[in-house]
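Below is the file final_16.csv, which contains CSV, C-alpha atoms.
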chain,number,residue,atom,x,y,z
A,1,MET,CA,-15.8,40.2,-26.1
A,2,SER,CA,-12.3,41.6,-25.9
A,3,LYS,CA,-10.0,41.7,-28.8
A,4,LYS,CA,-7.7,39.2,-27.0
A,5,SER,CA,-10.5,36.7,-26.5
A,6,SER,CA,-11.7,36.9,-30.1
A,7,GLU,CA,-8.2,36.1,-31.4
A,8,LYS,CA,-6.8,32.6,-31.6
A,9,LEU,CA,-4.4,31.9,-28.8
A,10,SER,CA,-0.9,30.6,-29.1
A,11,ASP,CA,-0.5,26.9,-28.0
A,12,ALA,CA,1.3,28.2,-24.8
A,13,GLU,CA,-1.6,30.6,-24.0
A,14,ALA,CA,-4.2,27.9,-24.7
A,15,LEU,CA,-2.4,25.4,-22.5
A,16,GLU,CA,-2.2,27.9,-19.7
A,17,THR,CA,-5.9,28.6,-20.0
A,18,ILE,CA,-6.8,24.9,-20.1
A,19,ALA,CA,-4.6,24.2,-17.1
A,20,ARG,CA,-6.5,26.9,-15.2
A,21,TYR,CA,-9.9,25.4,-16.2
A,22,GLU,CA,-8.7,22.0,-15.0
A,23,LYS,CA,-7.5,23.5,-11.7
A,24,ASN,CA,-10.9,25.1,-11.1
A,25,GLU,CA,-12.5,21.8,-12.1
A,26,ILE,CA,-10.6,20.0,-9.3
A,27,ILE,CA,-11.5,22.8,-6.8
A,28,PHE,CA,-15.2,22.5,-7.6
A,29,LEU,CA,-15.1,18.8,-7.3
A,30,LYS,CA,-13.5,19.0,-3.8
A,31,VAL,CA,-16.0,21.7,-2.7
A,32,CYS,CA,-18.8,19.5,-4.1
A,33,VAL,CA,-17.7,16.4,-2.1
A,34,TYR,CA,-17.3,18.4,1.1
A,35,SER,CA,-20.6,20.1,0.6
A,36,PHE,CA,-22.4,16.8,0.4
A,37,ILE,CA,-20.4,15.2,3.2
A,38,ILE,CA,-21.2,18.0,5.6
A,39,GLY,CA,-24.5,19.2,4.2
A,40,ILE,CA,-26.4,15.9,4.1
A,41,PRO,CA,-25.8,14.9,7.7
A,42,ALA,CA,-26.4,18.5,8.8
A,43,LEU,CA,-29.8,18.5,7.0
A,44,ILE,CA,-30.8,15.2,8.6
A,45,ILE,CA,-29.6,16.1,12.1
A,46,GLY,CA,-31.4,19.5,11.8
A,47,MET,CA,-34.6,17.8,10.9
A,48,ILE,CA,-34.3,15.3,13.7
A,49,VAL,CA,-33.5,17.8,16.5
A,50,GLU,CA,-35.9,20.3,14.8
A,51,SER,CA,-33.2,23.0,14.5
A,52,GLY,CA,-34.0,25.3,11.6
A,53,VAL,CA,-30.5,26.8,11.7
A,54,VAL,CA,-28.7,23.5,11.3
A,55,ALA,CA,-31.2,22.3,8.7
A,56,GLY,CA,-30.8,25.5,6.9
A,57,ILE,CA,-27.0,25.2,6.8
A,58,GLY,CA,-27.4,21.7,5.6
A,59,SER,CA,-29.8,22.7,2.8
A,60,VAL,CA,-27.4,25.5,1.7
A,61,LEU,CA,-24.5,23.1,1.5
A,62,PHE,CA,-26.5,20.4,-0.2
A,63,VAL,CA,-27.7,22.9,-2.9
A,64,GLY,CA,-24.2,24.3,-3.1
A,65,GLY,CA,-22.9,20.8,-3.9
A,66,PHE,CA,-25.1,20.6,-7.0
A,67,VAL,CA,-24.0,24.0,-8.1
A,68,CYS,CA,-20.4,22.9,-7.9
A,69,VAL,CA,-21.3,19.8,-9.9
A,70,TYR,CA,-22.6,22.2,-12.6
A,71,LEU,CA,-19.6,24.5,-12.4
A,72,LYS,CA,-17.2,21.5,-12.6
A,73,GLY,CA,-18.9,20.4,-15.8
A,74,LYS,CA,-18.8,23.9,-17.1
A,75,MET,CA,-15.0,24.1,-16.6
A,76,ARG,CA,-14.6,20.8,-18.5
A,77,SER,CA,-16.8,21.9,-21.3
A,78,ASN,CA,-14.9,25.2,-21.6
A,79,ALA,CA,-11.6,23.4,-21.8
A,80,GLU,CA,-12.8,20.9,-24.4
A,81,SER,CA,-14.2,23.8,-26.5
A,82,LEU,CA,-10.9,25.6,-26.3
A,83,VAL,CA,-9.0,22.5,-27.4
A,84,THR,CA,-11.3,21.9,-30.3
A,85,ASN,CA,-11.0,25.6,-31.5
A,86,GLN,CA,-7.2,25.5,-31.0
A,87,LEU,CA,-6.7,22.3,-33.0
A,88,GLN,CA,-9.5,22.9,-35.6
A,89,ASP,CA,-7.0,23.8,-38.4
A,90,PHE,CA,-5.1,20.6,-37.7
A,91,TYR,CA,-8.3,18.5,-37.7
A,92,ASN,CA,-9.3,20.0,-41.1
A,93,THR,CA,-5.9,19.5,-42.6
A,94,GLU,CA,-5.7,15.8,-41.5
A,95,LEU,CA,-9.2,15.1,-42.8
A,96,GLN,CA,-8.5,16.7,-46.2
A,97,ARG,CA,-5.1,15.0,-46.5
A,98,ALA,CA,-6.7,11.6,-45.8
A,99,PHE,CA,-10.0,11.9,-47.7
A,100,GLY,CA,-10.0,15.1,-49.8
A,101,PRO,CA,-12.2,18.1,-49.3
A,102,CYS,CA,-15.5,17.4,-47.5
A,103,GLN,CA,-18.4,17.1,-49.9
A,104,HIS,CA,-22.1,17.4,-49.2
A,105,ASN,CA,-24.0,15.3,-51.8
A,106,LYS,CA,-27.6,14.4,-51.1
A,107,ASP,CA,-27.1,10.7,-52.0
A,108,MET,CA,-24.4,10.4,-49.2
A,109,ASP,CA,-26.4,12.1,-46.5
A,110,ILE,CA,-26.7,10.4,-43.1
A,111,ASN,CA,-29.9,11.5,-41.5
A,112,LYS,CA,-32.5,10.3,-39.0
A,113,THR,CA,-34.5,8.5,-41.7
A,114,LEU,CA,-31.5,6.4,-42.7
A,115,ILE,CA,-30.5,5.7,-39.1
A,116,LYS,CA,-34.1,4.3,-38.4
A,117,LYS,CA,-33.8,2.0,-41.4
A,118,LEU,CA,-30.3,0.9,-40.3
A,119,ARG,CA,-31.7,0.1,-36.8
A,120,PRO,CA,-28.4,0.3,-34.7
A,121,VAL,CA,-30.3,-1.0,-31.7
A,122,ALA,CA,-33.5,-3.0,-31.1
A,123,GLU,CA,-34.6,-0.7,-28.3
A,124,SER,CA,-36.7,2.3,-29.0
A,125,TRP,CA,-35.2,5.8,-29.1
A,126,ASN,CA,-36.6,9.3,-29.8
A,127,GLU,CA,-33.6,11.5,-29.6
A,128,CYS,CA,-30.8,11.6,-32.1
A,129,ASN,CA,-27.6,13.7,-31.7
A,130,GLU,CA,-25.3,13.8,-34.7
A,131,TRP,CA,-21.8,15.4,-35.1
A,132,ARG,CA,-18.6,15.3,-37.1
A,133,PHE,CA,-20.1,14.5,-40.6
A,134,TYR,CA,-17.5,14.0,-43.3
A,135,GLU,CA,-18.0,12.9,-46.9
A,136,GLY,CA,-14.9,12.1,-48.9
A,137,CYS,CA,-13.1,9.6,-50.9
A,138,TYR,CA,-10.7,6.8,-49.9
A,139,GLN,CA,-9.0,4.5,-52.4
A,140,GLU,CA,-11.5,5.7,-55.1
A,141,THR,CA,-14.5,4.8,-52.8
A,142,ARG,CA,-17.0,7.5,-52.0
A,143,PHE,CA,-18.0,7.4,-48.4
A,144,SER,CA,-19.6,9.5,-45.7
A,145,VAL,CA,-19.4,9.0,-41.9
A,146,LYS,CA,-21.1,10.7,-38.9
A,147,ASN,CA,-21.0,10.2,-35.2
A,148,VAL,CA,-24.4,9.4,-33.7
A,149,GLU,CA,-25.8,9.2,-30.2
A,150,LEU,CA,-29.3,7.7,-29.7
A,151,SER,CA,-31.3,8.1,-26.5
A,152,GLU,CA,-34.8,7.4,-25.2
A,153,VAL,CA,-36.0,10.5,-23.4
A,154,THR,CA,-39.1,10.2,-21.1
A,155,LYS,CA,-40.6,12.6,-18.6
A,156,ASP,CA,-40.4,11.9,-14.9
A,157,GLY,CA,-43.1,12.7,-12.3
A,158,ASP,CA,-41.8,16.2,-11.9
A,159,GLY,CA,-41.8,17.0,-15.6
A,160,GLY,CA,-38.1,16.6,-16.0
A,161,ASP,CA,-36.3,14.5,-18.6
A,162,ASN,CA,-35.0,11.0,-18.0
A,163,ARG,CA,-32.4,10.2,-20.7
A,164,SER,CA,-31.5,6.5,-21.4
A,165,PRO,CA,-28.6,6.0,-23.8
A,166,ARG,CA,-29.3,3.5,-26.5
A,167,PHE,CA,-26.4,3.8,-29.0
A,168,THR,CA,-23.2,5.7,-29.2
A,169,GLY,CA,-21.0,5.2,-32.2
A,170,ALA,CA,-20.8,6.1,-35.9
A,171,VAL,CA,-22.6,5.4,-39.1
A,172,LEU,CA,-20.5,4.7,-42.2
A,173,ARG,CA,-21.9,4.8,-45.7
A,174,CYS,CA,-20.0,3.6,-48.8
A,175,LYS,CA,-20.9,3.6,-52.5
A,176,ASP,CA,-20.1,0.9,-55.0
A,177,VAL,CA,-18.4,-1.6,-52.7
A,178,CYS,CA,-20.6,-4.7,-53.0
A,179,ASP,CA,-22.6,-6.7,-55.5
A,180,PRO,CA,-25.4,-4.5,-56.8
A,181,ALA,CA,-27.8,-7.5,-56.6
A,182,LEU,CA,-27.3,-7.8,-52.9
A,183,ASN,CA,-30.2,-6.2,-51.0
A,184,ILE,CA,-30.2,-7.3,-47.4
A,185,ALA,CA,-30.1,-5.9,-43.8
A,186,LEU,CA,-28.2,-7.5,-41.0
A,187,TRP,CA,-29.1,-6.8,-37.4
A,188,ARG,CA,-27.0,-7.8,-34.5
A,189,ASN,CA,-28.9,-10.0,-32.0
A,190,GLY,CA,-26.8,-8.9,-29.0
A,191,THR,CA,-25.1,-12.2,-28.6
A,192,ASP,CA,-21.3,-12.7,-28.6
A,193,SER,CA,-20.0,-12.5,-32.2
A,194,ASN,CA,-16.4,-13.6,-31.5
A,195,SER,CA,-17.2,-17.2,-32.6
A,196,ASP,CA,-16.8,-18.5,-36.1
A,197,LEU,CA,-19.3,-16.4,-38.2
A,198,THR,CA,-18.6,-18.5,-41.3
A,199,ASP,CA,-20.7,-21.3,-39.6
A,200,PRO,CA,-24.3,-20.7,-40.6
A,201,ALA,CA,-25.7,-21.7,-37.3
A,202,VAL,CA,-23.4,-19.4,-35.4
A,203,PHE,CA,-24.1,-16.5,-37.8
A,204,ARG,CA,-27.8,-16.8,-37.2
A,205,GLN,CA,-27.2,-16.6,-33.5
A,206,CYS,CA,-25.3,-13.4,-33.9
A,207,PHE,CA,-27.1,-11.7,-36.7
A,208,SER,CA,-30.6,-11.8,-38.2
A,209,ALA,CA,-31.1,-11.1,-41.9
A,210,HIS,CA,-34.0,-9.1,-43.3
A,211,THR,CA,-35.3,-7.8,-46.5
A,212,ALA,CA,-35.9,-4.1,-47.2
A,213,ASP,CA,-39.4,-4.4,-45.8
A,214,GLY,CA,-38.3,-6.2,-42.6
A,215,GLN,CA,-39.1,-9.8,-43.5
A,216,PRO,CA,-36.7,-12.6,-42.3
A,217,ALA,CA,-34.2,-13.5,-45.0
A,218,ASP,CA,-31.6,-15.8,-43.4
A,219,ASP,CA,-31.7,-18.0,-46.5
A,220,LEU,CA,-30.2,-15.1,-48.5
A,221,VAL,CA,-27.0,-15.0,-46.5
A,222,THR,CA,-24.3,-16.5,-48.6
A,223,PRO,CA,-20.9,-18.0,-47.5
A,224,GLN,CA,-19.2,-15.0,-49.1
A,225,LEU,CA,-21.4,-12.6,-47.1
A,226,ARG,CA,-20.7,-14.5,-43.8
A,227,GLU,CA,-16.9,-14.3,-44.6
A,228,LEU,CA,-17.2,-10.5,-45.2
A,229,ILE,CA,-19.0,-10.0,-41.9
A,230,ARG,CA,-16.4,-12.2,-40.2
A,231,LYS,CA,-13.6,-9.9,-41.4
A,232,ILE,CA,-15.5,-6.7,-40.4
A,233,VAL,CA,-16.2,-8.1,-36.9
A,234,SER,CA,-12.7,-9.4,-36.5
A,235,PHE,CA,-11.2,-6.1,-37.3
A,236,SER,CA,-13.6,-4.1,-35.2
A,237,GLY,CA,-12.2,-5.5,-31.9
A,238,LYS,CA,-13.2,-3.0,-29.2
A,239,TYR,CA,-16.1,-1.7,-31.4
A,240,THR,CA,-19.4,-3.4,-32.0
A,241,VAL,CA,-20.9,-4.0,-35.5
A,242,ASN,CA,-24.5,-3.4,-34.7
A,243,SER,CA,-26.1,-3.4,-38.1
A,244,LEU,CA,-25.4,-3.3,-41.8
A,245,ILE,CA,-27.5,-2.7,-45.0
A,246,PHE,CA,-26.4,-3.9,-48.4
A,247,ARG,CA,-28.3,-2.4,-51.3
A,248,SER,CA,-27.6,-1.6,-54.9
A,249,GLY,CA,-23.8,-1.7,-54.4
A,250,GLU,CA,-24.0,0.5,-51.3
A,251,VAL,CA,-23.2,-0.5,-47.7
A,252,VAL,CA,-24.3,1.3,-44.6
A,253,MET,CA,-23.2,0.2,-41.2
A,254,ALA,CA,-23.5,1.2,-37.6
A,255,ILE,CA,-20.4,0.8,-35.4
A,256,GLY,CA,-21.0,1.0,-31.7
A,257,GLY,CA,-18.3,2.5,-29.5
A,258,TYR,CA,-16.5,4.1,-32.4
A,259,SER,CA,-16.0,7.9,-32.6
A,260,PHE,CA,-14.7,9.3,-36.0
A,261,GLY,CA,-12.4,12.3,-35.9
A,262,HIS,CA,-12.3,12.5,-32.1
A,263,GLY,CA,-9.1,12.9,-30.1
A,264,LEU,CA,-10.3,14.3,-26.8
A,265,PRO,CA,-9.6,12.0,-23.8
A,266,SER,CA,-12.6,10.8,-21.9
A,267,GLY,CA,-13.4,11.1,-18.2
A,268,SER,CA,-11.0,13.3,-16.1
A,269,GLU,CA,-7.9,12.8,-18.2
A,270,SER,CA,-6.0,16.0,-18.8
A,271,LEU,CA,-6.5,18.0,-22.0
A,272,THR,CA,-3.1,19.7,-21.9
A,273,ASP,CA,-1.3,17.1,-24.0
A,274,PHE,CA,-1.9,18.4,-27.5
A,275,ASP,CA,0.4,15.9,-29.1
A,276,MET,CA,-1.5,13.0,-27.6
A,277,ILE,CA,-4.8,14.6,-28.8
A,278,ARG,CA,-3.5,15.0,-32.3
A,279,ARG,CA,-2.3,11.3,-32.3
A,280,ARG,CA,-5.7,10.2,-31.1
A,281,PHE,CA,-7.5,12.2,-33.7
A,282,THR,CA,-5.4,10.7,-36.6
A,283,ASP,CA,-5.8,7.2,-35.1
A,284,SER,CA,-9.6,7.7,-35.1
A,285,LEU,CA,-9.5,8.0,-38.9
A,286,TYR,CA,-7.9,4.6,-39.4
A,287,PRO,CA,-11.0,2.4,-38.8
A,288,VAL,CA,-12.8,4.0,-41.7
A,289,CYS,CA,-9.9,3.3,-44.0
A,290,LYS,CA,-9.6,-0.3,-42.9
A,291,LEU,CA,-13.4,-1.0,-43.2
A,292,ILE,CA,-13.4,0.4,-46.7
A,293,ASP,CA,-10.4,-1.8,-47.5
A,294,ILE,CA,-12.3,-4.9,-46.3
A,295,LEU,CA,-15.4,-3.9,-48.3
A,296,GLN,CA,-13.3,-3.3,-51.4
A,297,GLU,CA,-11.8,-6.8,-51.1
A,298,ASN,CA,-15.4,-8.1,-51.4
A,299,THR,CA,-15.6,-6.7,-54.9
A,300,ASP,CA,-12.6,-8.6,-56.2

I need this file expressed as structure tokens, please.
Amino acid sequence: MSKKSSEKLSDAEALETIARYEKNEIIFLKVCVYSFIIGIPALIIGMIVESGVVAGIGSVLFVGGFVCVYLKGKMRSNAESLVTNQLQDFYNTELQRAFGPCQHNKDMDINKTLIKKLRPVAESWNECNEWRFYEGCYQETRFSVKNVELSEVTKDGDGGDNRSPRFTGAVLRCKDVCDPALNIALWRNGTDSNSDLTDPAVFRQCFSAHTADGQPADDLVTPQLRELIRKIVSFSGKYTVNSLIFRSGEVVMAIGGYSFGHGLPSGSESLTDFDMIRRRFTDSLYPVCKLIDILQENTD
């Protein structure tokens, strides 16, 4: 690695490099499309007329198309990595300003065992990817949060992997924000939860209540708990409250569709607008603050 590549770039240099990655990404996409458009018909025609040359050309173009798909993804990955590295100091500063230095206490860990107990989804999963863990303090409430992706990975007939996404979101864990006597798990049933959750019948349609050992416990759901869940769900909006565990004053919840500490645009949006990425990053911290505010209200 050269001395220049090992040093942090200026924003101008980083933006120039990202723009180059994005330009190459577009080129590989175009080459990929043309390779498939020309290669697939050529391969079929070559097989029909029994022309090895035509079929060979089609095969090369077809394989080249997949190579370009890989290279396109590589360009995007390189650009995202560069953005993350370039803005890492900003990310760390914003996180510490909002929540203090990141801690790593065992009682605030978010691991696979906890996620299984939380049961963000009813479907089975066997792969768990976790990233952006942070343990801090907001309004005197200790909390930890981690982004989580769950998938079911199976083998296909050729020995390859088939990956079926099950859950993408975040797990939030808060200490001392509910009645210590409250020990109950709530699992979303997959039905629309935009109705009046203070109605016991509606609540049972949207969430099922269980004890620590998984036994049904709908009779333990109080009006106060239904009101709390209503507030959480109402705030979540574009996110999905998949599950919650209340135990010994602690609350753990799975929030589908939410990404903590993430400012990168999705899809093919440009990565050259650092100001927009910074805004999106700071905006992604707000839901944690609001959810803790709602939980704290429950203790009043």

(Q) For a test of reading the model, state the distance in Å between atom CA of Asp273 of chain A and atom CA of Ala12 of chain A, rounded to one decimal. (A) 11.4 Å

**Q.** Nearest to Ile292 of chain A by atom-to-atom distance, counting all atoms listed in the file, from A:Phe246, A:Trp187, A:Phe143, A:Phe207
**A.**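 Nearest to Ile292 of chain A: A:Phe143.
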
Counting all atoms listed in the file, what are the residues of segment 60-136 of chain A within 10 Å of segment 260-265 of chain A, and for each of them which pair of atoms is the nearest and at what distance in Å, to one decimal? Sort the table by chain and rising number, as CSV.
residue,atom,partner,partner_atom,distance
A:Glu80,CA,A:Leu264,CA,7.5
A:Val83,CA,A:Leu264,CA,8.3
A:Thr84,CA,A:Leu264,CA,8.4
A:Tyr91,CA,A:Gly261,CA,7.6
A:Asn92,CA,A:Gly261,CA,9.8
A:Glu94,CA,A:Gly261,CA,9.4
A:Leu95,CA,A:Gly261,CA,8.1
A:Trp131,CA,A:Phe260,CA,9.4
A:Arg132,CA,A:Gly261,CA,7.0
A:Phe133,CA,A:Phe260,CA,8.8
A:Tyr134,CA,A:Phe260,CA,9.1

Q. Looking at A:Phe99, A:Phe167, A:Tyr70, A:Tyr34, which one is nearest to Glu123 of chain A, with distances taken over all atoms listed in the file?
A.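 The answer is A:Phe167, which sits nearest to Glu123 of chain A.
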
Q: Give me the residues within 10 Å of segment 106-109 of chain A as a list in words, counting only C-alpha atoms and dropping any in the same chain fewer than 3 places off.
A: Gln103, Lys112, Leu114, Phe133, Tyr134, Glu135, Gly136, Arg142, Phe143, Ser144, Val145, Lys146, Leu172, Arg173, Cys174 and Lys175 of chain A

Just-selected residues, C-alpha atoms written as a tab-separated table (two decimals), in the frame of the given file:
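Output saved as result_36.tsv:
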chain	number	residue	atom	x	y	z
A	103	GLN	CA	-18.40	17.10	-49.90
A	112	LYS	CA	-32.50	10.30	-39.00
A	114	LEU	CA	-31.50	6.40	-42.70
A	133	PHE	CA	-20.10	14.50	-40.60
A	134	TYR	CA	-17.50	14.00	-43.30
A	135	GLU	CA	-18.00	12.90	-46.90
A	136	GLY	CA	-14.90	12.10	-48.90
A	142	ARG	CA	-17.00	7.50	-52.00
A	143	PHE	CA	-18.00	7.40	-48.40
A	144	SER	CA	-19.60	9.50	-45.70
A	145	VAL	CA	-19.40	9.00	-41.90
A	146	LYS	CA	-21.10	10.70	-38.90
A	172	LEU	CA	-20.50	4.70	-42.20
A	173	ARG	CA	-21.90	4.80	-45.70
A	174	CYS	CA	-20.00	3.60	-48.80
A	175	LYS	CA	-20.90	3.60	-52.50

Q.
Ranking A:Thr17, A:Glu297, A:Asp275, A:Cys128 by minimum distance to Lys116 of chain A and counting only C-alpha atoms, which one comes first?
A. A:Cys128

(Q) Let me make sure I understand: among A:Val63, A:Pro223, A:Thr272, A:Lys30, which one has the smallest atom-to-atom distance to Asp11 of chain A if we use all atoms listed in the file? (A)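 Closest to Asp11 of chain A of all the choices is A:Thr272.
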
**Q.** Atomic distance atom CA of Pro41 of chain A - atom CA of Gly73 of chain A, expressed in Å with one decimal
**A.**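 Between atom CA of Pro41 of chain A and atom CA of Gly73 of chain A the gap is 25.1 Å.
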
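Distances to Asn189 of chain A were evaluated for A:Ala122, A:Ala14, A:Met47, A:Val233 using only C-alpha atoms, and the minimum falls at A:Ala122.
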
Q. Any idea what's packed within 12 Å of Ser236 of chain A, counting all atoms listed in the file, ignoring anything in its chain fewer than 2 positions away? Could you give it as a list in words?
A. Ser193, Asn194, Ile229, Arg230, Lys231, Ile232, Val233, Ser234, Lys238, Tyr239, Thr240, Val241, Asn242, Ala254, Ile255, Gly256, Gly257, Tyr258, Tyr286, Pro287, Val288, Lys290, Leu291 and Ile294 of chain A

Q | Separation of atom CA of Cys68 of chain A from atom CA of Phe28 of chain A in Å | A | 5.2 Å

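Nearest residue to Arg204 of chain A, choosing from A:Arg226, A:Leu295, A:Lys155, A:Asn183 and counting only C-alpha atoms: A:Arg226.
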
Q. At a cut-off of 12 Å from (-29.5, 16.6, 10.5) in the coordinates of the file, what residues are picked up using only C-alpha atoms, written as a PyMOL selection string?
A. chain A and resi 37-59+62

Would you mind exporting C-alpha atoms of the selected residues as a CSV table (one decimal), in the coordinates of the input?
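Result file is selection_18.csv:
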chain,number,residue,atom,x,y,z
A,37,ILE,CA,-20.4,15.2,3.2
A,38,ILE,CA,-21.2,18.0,5.6
A,39,GLY,CA,-24.5,19.2,4.2
A,40,ILE,CA,-26.4,15.9,4.1
A,41,PRO,CA,-25.8,14.9,7.7
A,42,ALA,CA,-26.4,18.5,8.8
A,43,LEU,CA,-29.8,18.5,7.0
A,44,ILE,CA,-30.8,15.2,8.6
A,45,ILE,CA,-29.6,16.1,12.1
A,46,GLY,CA,-31.4,19.5,11.8
A,47,MET,CA,-34.6,17.8,10.9
A,48,ILE,CA,-34.3,15.3,13.7
A,49,VAL,CA,-33.5,17.8,16.5
A,50,GLU,CA,-35.9,20.3,14.8
A,51,SER,CA,-33.2,23.0,14.5
A,52,GLY,CA,-34.0,25.3,11.6
A,53,VAL,CA,-30.5,26.8,11.7
A,54,VAL,CA,-28.7,23.5,11.3
A,55,ALA,CA,-31.2,22.3,8.7
A,56,GLY,CA,-30.8,25.5,6.9
A,57,ILE,CA,-27.0,25.2,6.8
A,58,GLY,CA,-27.4,21.7,5.6
A,59,SER,CA,-29.8,22.7,2.8
A,62,PHE,CA,-26.5,20.4,-0.2

Q: Excluding Asn78 of chain A and any residue of its chain fewer than 2 positions from it, enumerate the residues within 12 Å of it, using only C-alpha atoms, and give them as a PyMOL selection string.
A: chain A and resi 14+17-22+24-25+71-76+80-85+271
